[in-house]
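Below is one structure; the comments refer to it alone.
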Amino acid sequence: MPLNRRKFLKKSAVTGAGVAIAGAAAAPAAQAAEAGKPGQPVRQPKRYALTVLGTTDLHGHVFNWDYFKNAEYTDKAGNAQGLARISTLVNQIRAERGRENVLLLDAGDTIQGTPLTYYYAKVDPITAKGGPVHPMAQAMNAIGYDAAALGNHEFNYGIETLRKFESQLRFPLLGANAVDAKTLRPAFPPYVMKTVCVKGAAPVRVAILGLTNPGIAIWDKAYVQGKLAFPGLEEQAAKWVPKLKAMGADVVVVSAHSGSSGTSSYGDQLPYVENSAALVAQQVPDIDAILVGHAHVEIPELKVTNEKSGKTVVLSEPLAYAERLSVFDIALVFEKGRWTVESVASKVLNSNTVADDPKITKLLSDEHAKVVEYVNQVVGSATETLTTVEARYKDAPIIDLITKVQEDVVKAALVGTSYASLPVISQASPFSRTSEIPAGNVTIRDLSSLYVYDNTLVAKLMTGAQIKAYLEYSAEYFVQTAAGTVVDVDKLTNANNRPDYNYDYVSGLVYDIDVAQAAGSRIRNLTYNGAALDDAQQFVFAVNNYRANGGGAFPHVASATEVWAESTEIRTRIAEWVTAKGVLDPKDFASVDWKLTRDGTPVF
């Protein structure tokens with residue numbers, strides 16, 4: 001979809017000029033600032049307390065509902081999810097501090113992640129003529145957000161869906177480092193300036209700068225290549241913050257869809273850091289607070305010292321899925337004719353302490369009901385229960401289902417091409433530890449819980465040697481475990497904090513993973529068609545788009561020749577496959593391709 005430059009300039013002119021918040025602030029911490037008469041003490045300077053609230057990585061969670069389990073969401077920690085809970089917290093804080101003294105921000109990843117968001121992107125799409133308003137737009141508008149940063153998952157359904165969602169919002173979607181690929185000019189508003197009126201004093205001007213993740217260029221390459229570019233957060237913050245200060249910003253808040261760890265999942269494929277929020281704080285002066293997103297970790301308060309000014313910058317990341325709300329308390333003082341930030345502190349509030357806001361429940365109950373009905377459609381029957389409980393460390397039939405579907409789709413797609421004679425192999429990851437397809441009726445909900453991401457399928461050309469290197473890298477997921485020691489399955493995986501979604505099965509080959517060996521030397525007895533794998537053998541590798549574009553930094557796959565790709569989600573292909581079969585029987589897809597060993601002896 002071509003970027004509408006005129007529309008953007010018109011919109012950014014409005015949002016960038018400074019939007020006055022209606023009403024004069026009660027200024028809860030305000031004091032008289034007039035000088036006393038001779039002989040009387042000088043009165044204290046005027047003070048003002050501003051509250052900035054933040055959410056991030058909402059991923060389509062409006063209610064405390066697990067669509068995959070068809071029940072209220074629960075976990076061992078007692079967390080609750082959903083914007084309806086956040087709305088209650090926000091209402092409480094606005095009542096306590098005065099709505100005019102509170103700003104509400106989000107740090108991205110809003111329109112992907114649940115069957116609710118999938119439904120309104122694909123089943124009843126917001127892009128259709130006369131289509132619905134996205135439930136997340138409805139909820140966030142009703143709650144009264146002031147701004148949100150772009151997340152990488154905003155691009156998962158393509159630019160047209162994103163632009164439609166943006167048009168439905170009553171607040172700006174910010175991305176200073178999302179630029180037009182040709183002109184390098186902002187493709188989204190970089191910032192918004194909020195003017196807060198303070199009774200008896202000059203207004204406070206609050207600049208909100210939005211930054212998104214450079215990894216979009218890799219993860220959603222199919223949608224953004226040649227259209228959008230995503231330079232580094234530090235570079236763009238260094239460009240925009242001085243401009244905001246020159247425009248009169250008294251407070252600079254950054255909403256960044258980027259974690260604080262300083263690490264990147266994509267290795268050296270991009271010259272920009274994926275999780276650079278703390279680097280922004282450290283390198284760019286004049287930032288007061290950063291709302292952090294993307295990493296799905298809880299950070300009530302992180303203080304970072306700016307290396308140029310020596311000033312402390314406060315960062316906070318609320319837990320994903322609306323489980324937490326970050327609260328920044330910003331104290332300002334009016335001296336020498338201007339407001340300056342005196343102090344910043346932050347904390348997080350737990351959404352499990354409140355009930356749903358009935359306004360949000362009423363607003364979106366119909367949309368919720370439609371999605372519940374959709375995911376509970378029966379599409380087939382299973383001859384036995386399939387589960388991912390042991391899938392991290394044992395070859396589980398339920399993961400073989402994914403690889404089999406992917407193989408079949410790619411083989412059918414390559415018929416009549418020059419690649420049709422090549423063997424097709426496939427990868428899949430154990431995304432969830434709790435997925436289960438029960439014996440008996442199988443629903444879309446059951447199958448969706450197996451594949452929780454909206455990934456699409458890509459076919460890449462790979463050699464035997466490259467596949468072996470790929471498997472060795474994947475096997476780094478296991479903790480080195482000496483032969484003869486007791487195996488604790490809870491401590492066997494996730495070496496160096498590698499997540500489950502960055503461990504891959506590869507179908508069509510047979511191999512052992514020797515966890516007694518050092519990383520890089522674990523793949524043993526690797527065969528294809530009963531013979532040792534030939535390094536020169538060519539394969540068509542069926543792989544999800546996240547991995548194909550470099551997600552997880554697996555070797556060779558990102559640079560491999562792409563022979564086919566599609567935009568249909570893998571979870572949809574699984575549902576189609578099961579629907580066509582009617583009966584889900586492991587004999588049609590399961591095989592034991594790999595096992596864990598220690599010095600050649602099977603672990604299990």
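Lettering and numbering for the structure tokens are positional, with chains as A, B, ... in the shown order, residues counted from 1 in each chain, and ligands counted from 1 in the shown order.
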
Within 8 Å of Asp329 of chain A, counting only C-alpha atoms, which residues show up once you throw out same-chain ones fewer than 4 positions away? Write them as number ranges by chain, please. A: 49-52, 344-346

Prev. selection, C-alpha atoms, output as an mmCIF file, in the first residue's frame:
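So part09.cif came out as:
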data_model
loop_
_atom_site.group_PDB
_atom_site.id
_atom_site.type_symbol
_atom_site.label_atom_id
_atom_site.label_comp_id
_atom_site.auth_asym_id
_atom_site.auth_seq_id
_atom_site.Cartn_x
_atom_site.Cartn_y
_atom_site.Cartn_z
ATOM 1 C CA ALA A 49 2.881 16.666 39.797
ATOM 2 C CA LEU A 50 2.343 14.907 36.488
ATOM 3 C CA THR A 51 1.408 11.234 36.243
ATOM 4 C CA VAL A 52 2.201 9.193 33.138
ATOM 5 C CA VAL A 344 10.898 10.943 38.463
ATOM 6 C CA ALA A 345 9.853 7.712 40.130
ATOM 7 C CA SER A 346 8.019 4.705 38.738
#

I'd like the neighbourhood of His134 of chain A as a PyMOL selection string, where a residue qualifies if any of its atoms comes within 12 Å (using only C-alpha atoms), though same-chain residues fewer than 2 positions away should be ignored. chain A and resi 60+62+110-112+116-122+124-128+131-132+136-141+161-169+363-364+367-368

Atom CA of Thr74 of chain A to atom CA of Thr361 of chain A measures 18.7 Å

Using only C-alpha atoms for the distances, tell me which of A:Arg85, A:Ala107, A:Ser474, A:Val179 is nearest to Ile143 of chain A.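 Among the listed residues, the smallest separation from Ile143 of chain A belongs to A:Arg85.
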
Just the number, please: distance in Å from atom CA of Gly98 of chain A to atom CA of Asn64 of chain A, one decimal.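 Atom CA of Asn64 of chain A lies 27.5 Å from atom CA of Gly98 of chain A.
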
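Selecting strand (DSSP E) from the backbone DSSP output for segment 129-242 of chain A yields Ala147, Ala148, Ala149, Leu173, Leu174, Val179, Asp180, Tyr191, Val192, Met193, Lys194, Thr195, Val196, Val204, Arg205, Val206, Ala207, Ile208, Leu209, Gly210, Leu211, Leu228 and Ala229 of chain A.
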
Considering only C-alpha atoms, give me a table of residues in segment 60-126 of chain A that are at most 12 Å from segment 290-301 of chain A, with the closest atom pair and distance in Å for each, as a tab-separated table.
residue	atom	partner	partner_atom	distance
A:Leu104	CA	A:Leu291	CA	10.7
A:Leu105	CA	A:Leu291	CA	8.1
A:Asp106	CA	A:Leu291	CA	7.8
A:Ala107	CA	A:Gly293	CA	5.4
A:Gly108	CA	A:Gly293	CA	6.8
A:Asp109	CA	A:His294	CA	7.5
A:Thr110	CA	A:His294	CA	10.9

Pull N, CA, C and O atoms from the residues just selected and write them as a PDB file, in the first residue's frame.
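Generated file (out25.pdb):
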ATOM      1  N   LEU A 104      -1.818   8.793  29.422  1.00  0.00           N
ATOM      2  CA  LEU A 104      -1.838   7.332  29.264  1.00  0.00           C
ATOM      3  C   LEU A 104      -1.205   6.965  27.932  1.00  0.00           C
ATOM      4  O   LEU A 104      -1.646   7.421  26.875  1.00  0.00           O
ATOM      5  N   LEU A 105      -0.159   6.128  27.991  1.00  0.00           N
ATOM      6  CA  LEU A 105       0.604   5.742  26.804  1.00  0.00           C
ATOM      7  C   LEU A 105       0.645   4.220  26.659  1.00  0.00           C
ATOM      8  O   LEU A 105       0.394   3.480  27.613  1.00  0.00           O
ATOM      9  N   ASP A 106       1.010   3.785  25.461  1.00  0.00           N
ATOM     10  CA  ASP A 106       1.257   2.368  25.209  1.00  0.00           C
ATOM     11  C   ASP A 106       2.550   2.248  24.398  1.00  0.00           C
ATOM     12  O   ASP A 106       2.895   3.157  23.631  1.00  0.00           O
ATOM     13  N   ALA A 107       3.253   1.134  24.579  1.00  0.00           N
ATOM     14  CA  ALA A 107       4.537   0.949  23.902  1.00  0.00           C
ATOM     15  C   ALA A 107       4.505  -0.122  22.818  1.00  0.00           C
ATOM     16  O   ALA A 107       5.542  -0.642  22.420  1.00  0.00           O
ATOM     17  N   GLY A 108       3.309  -0.457  22.306  1.00  0.00           N
ATOM     18  CA  GLY A 108       3.259  -1.256  21.087  1.00  0.00           C
ATOM     19  C   GLY A 108       2.995  -2.736  21.235  1.00  0.00           C
ATOM     20  O   GLY A 108       3.036  -3.307  22.317  1.00  0.00           O
ATOM     21  N   ASP A 109       2.752  -3.375  20.090  1.00  0.00           N
ATOM     22  CA  ASP A 109       2.305  -4.769  19.947  1.00  0.00           C
ATOM     23  C   ASP A 109       0.866  -4.889  20.459  1.00  0.00           C
ATOM     24  O   ASP A 109       0.596  -5.426  21.531  1.00  0.00           O
ATOM     25  N   THR A 110      -0.038  -4.395  19.643  1.00  0.00           N
ATOM     26  CA  THR A 110      -1.433  -4.248  20.039  1.00  0.00           C
ATOM     27  C   THR A 110      -2.362  -5.159  19.253  1.00  0.00           C
ATOM     28  O   THR A 110      -3.260  -5.780  19.824  1.00  0.00           O
TER      29      THR A 110
END

Between A:Ile444, A:Ala222, A:Ala590, A:Leu509, which is the closest to Ala532 of chain A once you count only C-alpha atoms? A:Leu509

Show which residues sit within 12 Å of Thr417 of chain A, as a short mmCIF file (atom, residue, chain, number, x, y, z; two decimals) with N, CA and C atoms, in the first residue's frame. Count only C-alpha atoms, and ignore same-chain residues fewer than 6 positions away.
data_model
loop_
_atom_site.label_atom_id
_atom_site.label_comp_id
_atom_site.auth_asym_id
_atom_site.auth_seq_id
_atom_site.Cartn_x
_atom_site.Cartn_y
_atom_site.Cartn_z
N VAL A 410 3.98 -27.12 1.08
CA VAL A 410 5.10 -26.73 0.20
C VAL A 410 5.21 -27.67 -1.00
N LYS A 411 5.06 -28.97 -0.77
CA LYS A 411 5.13 -29.92 -1.88
C LYS A 411 4.06 -29.60 -2.93
N VAL A 563 12.33 -19.96 -2.50
CA VAL A 563 11.71 -20.51 -3.71
C VAL A 563 10.19 -20.37 -3.71
N TRP A 564 9.62 -20.05 -2.54
CA TRP A 564 8.16 -19.89 -2.46
C TRP A 564 7.81 -19.28 -1.11
#

Write out as a PyMOL selection string which residues come within 12 Å of segment 550-554 of chain A when counting only C-alpha atoms, dropping same-chain ones fewer than 3 positions away. chain A and resi 215-221+264-270+274+427+429+455+466-477+498-504+543-547+557-560

Would you mind reading off the distance between atom CA of Ser261 of chain A and atom CA of Ala277 of chain A, one decimal, in Å?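 Distance reported for this atom pair: 7.9 Å.
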
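Among the candidates A:Gly54, A:Pro430, A:Pro189, A:Pro423, the one nearest to Val540 of chain A when counting only C-alpha atoms is A:Pro423.
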
I need the helix (DSSP H, G or I) residues of segment 133-196 of chain A per DSSP on the backbone, written as a ChimeraX atom specification. /A:135-143,152-155,159-168

Suppose we keep C-alpha atoms; can you now write the selection as an mmCIF file, in the first residue's frame?
data_model
loop_
_atom_site.group_PDB
_atom_site.id
_atom_site.type_symbol
_atom_site.label_atom_id
_atom_site.label_comp_id
_atom_site.auth_asym_id
_atom_site.auth_seq_id
_atom_site.Cartn_x
_atom_site.Cartn_y
_atom_site.Cartn_z
ATOM 1 C CA PRO A 135 -11.777 -4.124 19.126
ATOM 2 C CA MET A 136 -8.402 -2.832 20.327
ATOM 3 C CA ALA A 137 -9.127 0.567 18.761
ATOM 4 C CA GLN A 138 -12.558 0.604 20.399
ATOM 5 C CA ALA A 139 -11.142 -0.269 23.813
ATOM 6 C CA MET A 140 -8.158 2.091 23.709
ATOM 7 C CA ASN A 141 -10.299 4.959 22.432
ATOM 8 C CA ALA A 142 -12.833 4.393 25.183
ATOM 9 C CA ILE A 143 -10.152 4.280 27.871
ATOM 10 C CA ASN A 152 6.815 -4.933 15.492
ATOM 11 C CA HIS A 153 3.673 -7.115 15.573
ATOM 12 C CA GLU A 154 1.651 -4.178 14.259
ATOM 13 C CA PHE A 155 3.072 -5.128 10.843
ATOM 14 C CA ILE A 159 0.579 -2.209 5.998
ATOM 15 C CA GLU A 160 -3.041 -1.920 4.825
ATOM 16 C CA THR A 161 -4.375 -3.443 8.053
ATOM 17 C CA LEU A 162 -2.026 -1.305 10.121
ATOM 18 C CA ARG A 163 -3.057 1.898 8.353
ATOM 19 C CA LYS A 164 -6.733 1.036 8.804
ATOM 20 C CA PHE A 165 -6.180 0.424 12.503
ATOM 21 C CA GLU A 166 -4.293 3.714 12.733
ATOM 22 C CA SER A 167 -7.206 5.542 11.083
ATOM 23 C CA GLN A 168 -9.592 4.112 13.682
#

Residue neighbourhood Trp339 of chain A, 6 Å, only C-alpha atoms, exclusion window fewer than 2 positions, as number ranges by chain: A: 250, 333-334

Export of prior selection with all heavy atoms as a short mmCIF file (atom, residue, chain, number, x, y, z; two decimals), in the first residue's frame:
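Now in selection_8.cif:
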data_model
loop_
_atom_site.label_atom_id
_atom_site.label_comp_id
_atom_site.auth_asym_id
_atom_site.auth_seq_id
_atom_site.Cartn_x
_atom_site.Cartn_y
_atom_site.Cartn_z
N ASP A 250 8.94 20.74 28.21
CA ASP A 250 9.41 20.76 29.60
C ASP A 250 9.73 19.34 30.09
O ASP A 250 10.59 19.15 30.94
CB ASP A 250 8.34 21.37 30.51
CG ASP A 250 7.97 22.78 30.09
OD1 ASP A 250 8.87 23.63 30.02
OD2 ASP A 250 6.76 23.02 29.82
N VAL A 333 9.12 21.70 38.99
CA VAL A 333 9.21 22.95 39.74
C VAL A 333 9.34 24.11 38.76
O VAL A 333 10.01 23.97 37.73
CB VAL A 333 10.38 22.91 40.75
CG1 VAL A 333 11.71 22.71 40.04
CG2 VAL A 333 10.41 24.16 41.62
N PHE A 334 8.67 25.24 39.06
CA PHE A 334 8.71 26.41 38.18
C PHE A 334 9.68 27.44 38.77
O PHE A 334 9.41 28.05 39.80
CB PHE A 334 7.31 27.02 38.03
CG PHE A 334 7.22 28.04 36.94
CD1 PHE A 334 7.10 27.65 35.60
CD2 PHE A 334 7.25 29.39 37.21
CE1 PHE A 334 7.01 28.57 34.59
CE2 PHE A 334 7.16 30.34 36.21
CZ PHE A 334 7.04 29.93 34.89
#

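Nearest residue to Thr385 of chain A among A:Asp599, A:Glu235, A:Glu436, A:Glu407 is A:Glu436, counting only C-alpha atoms.
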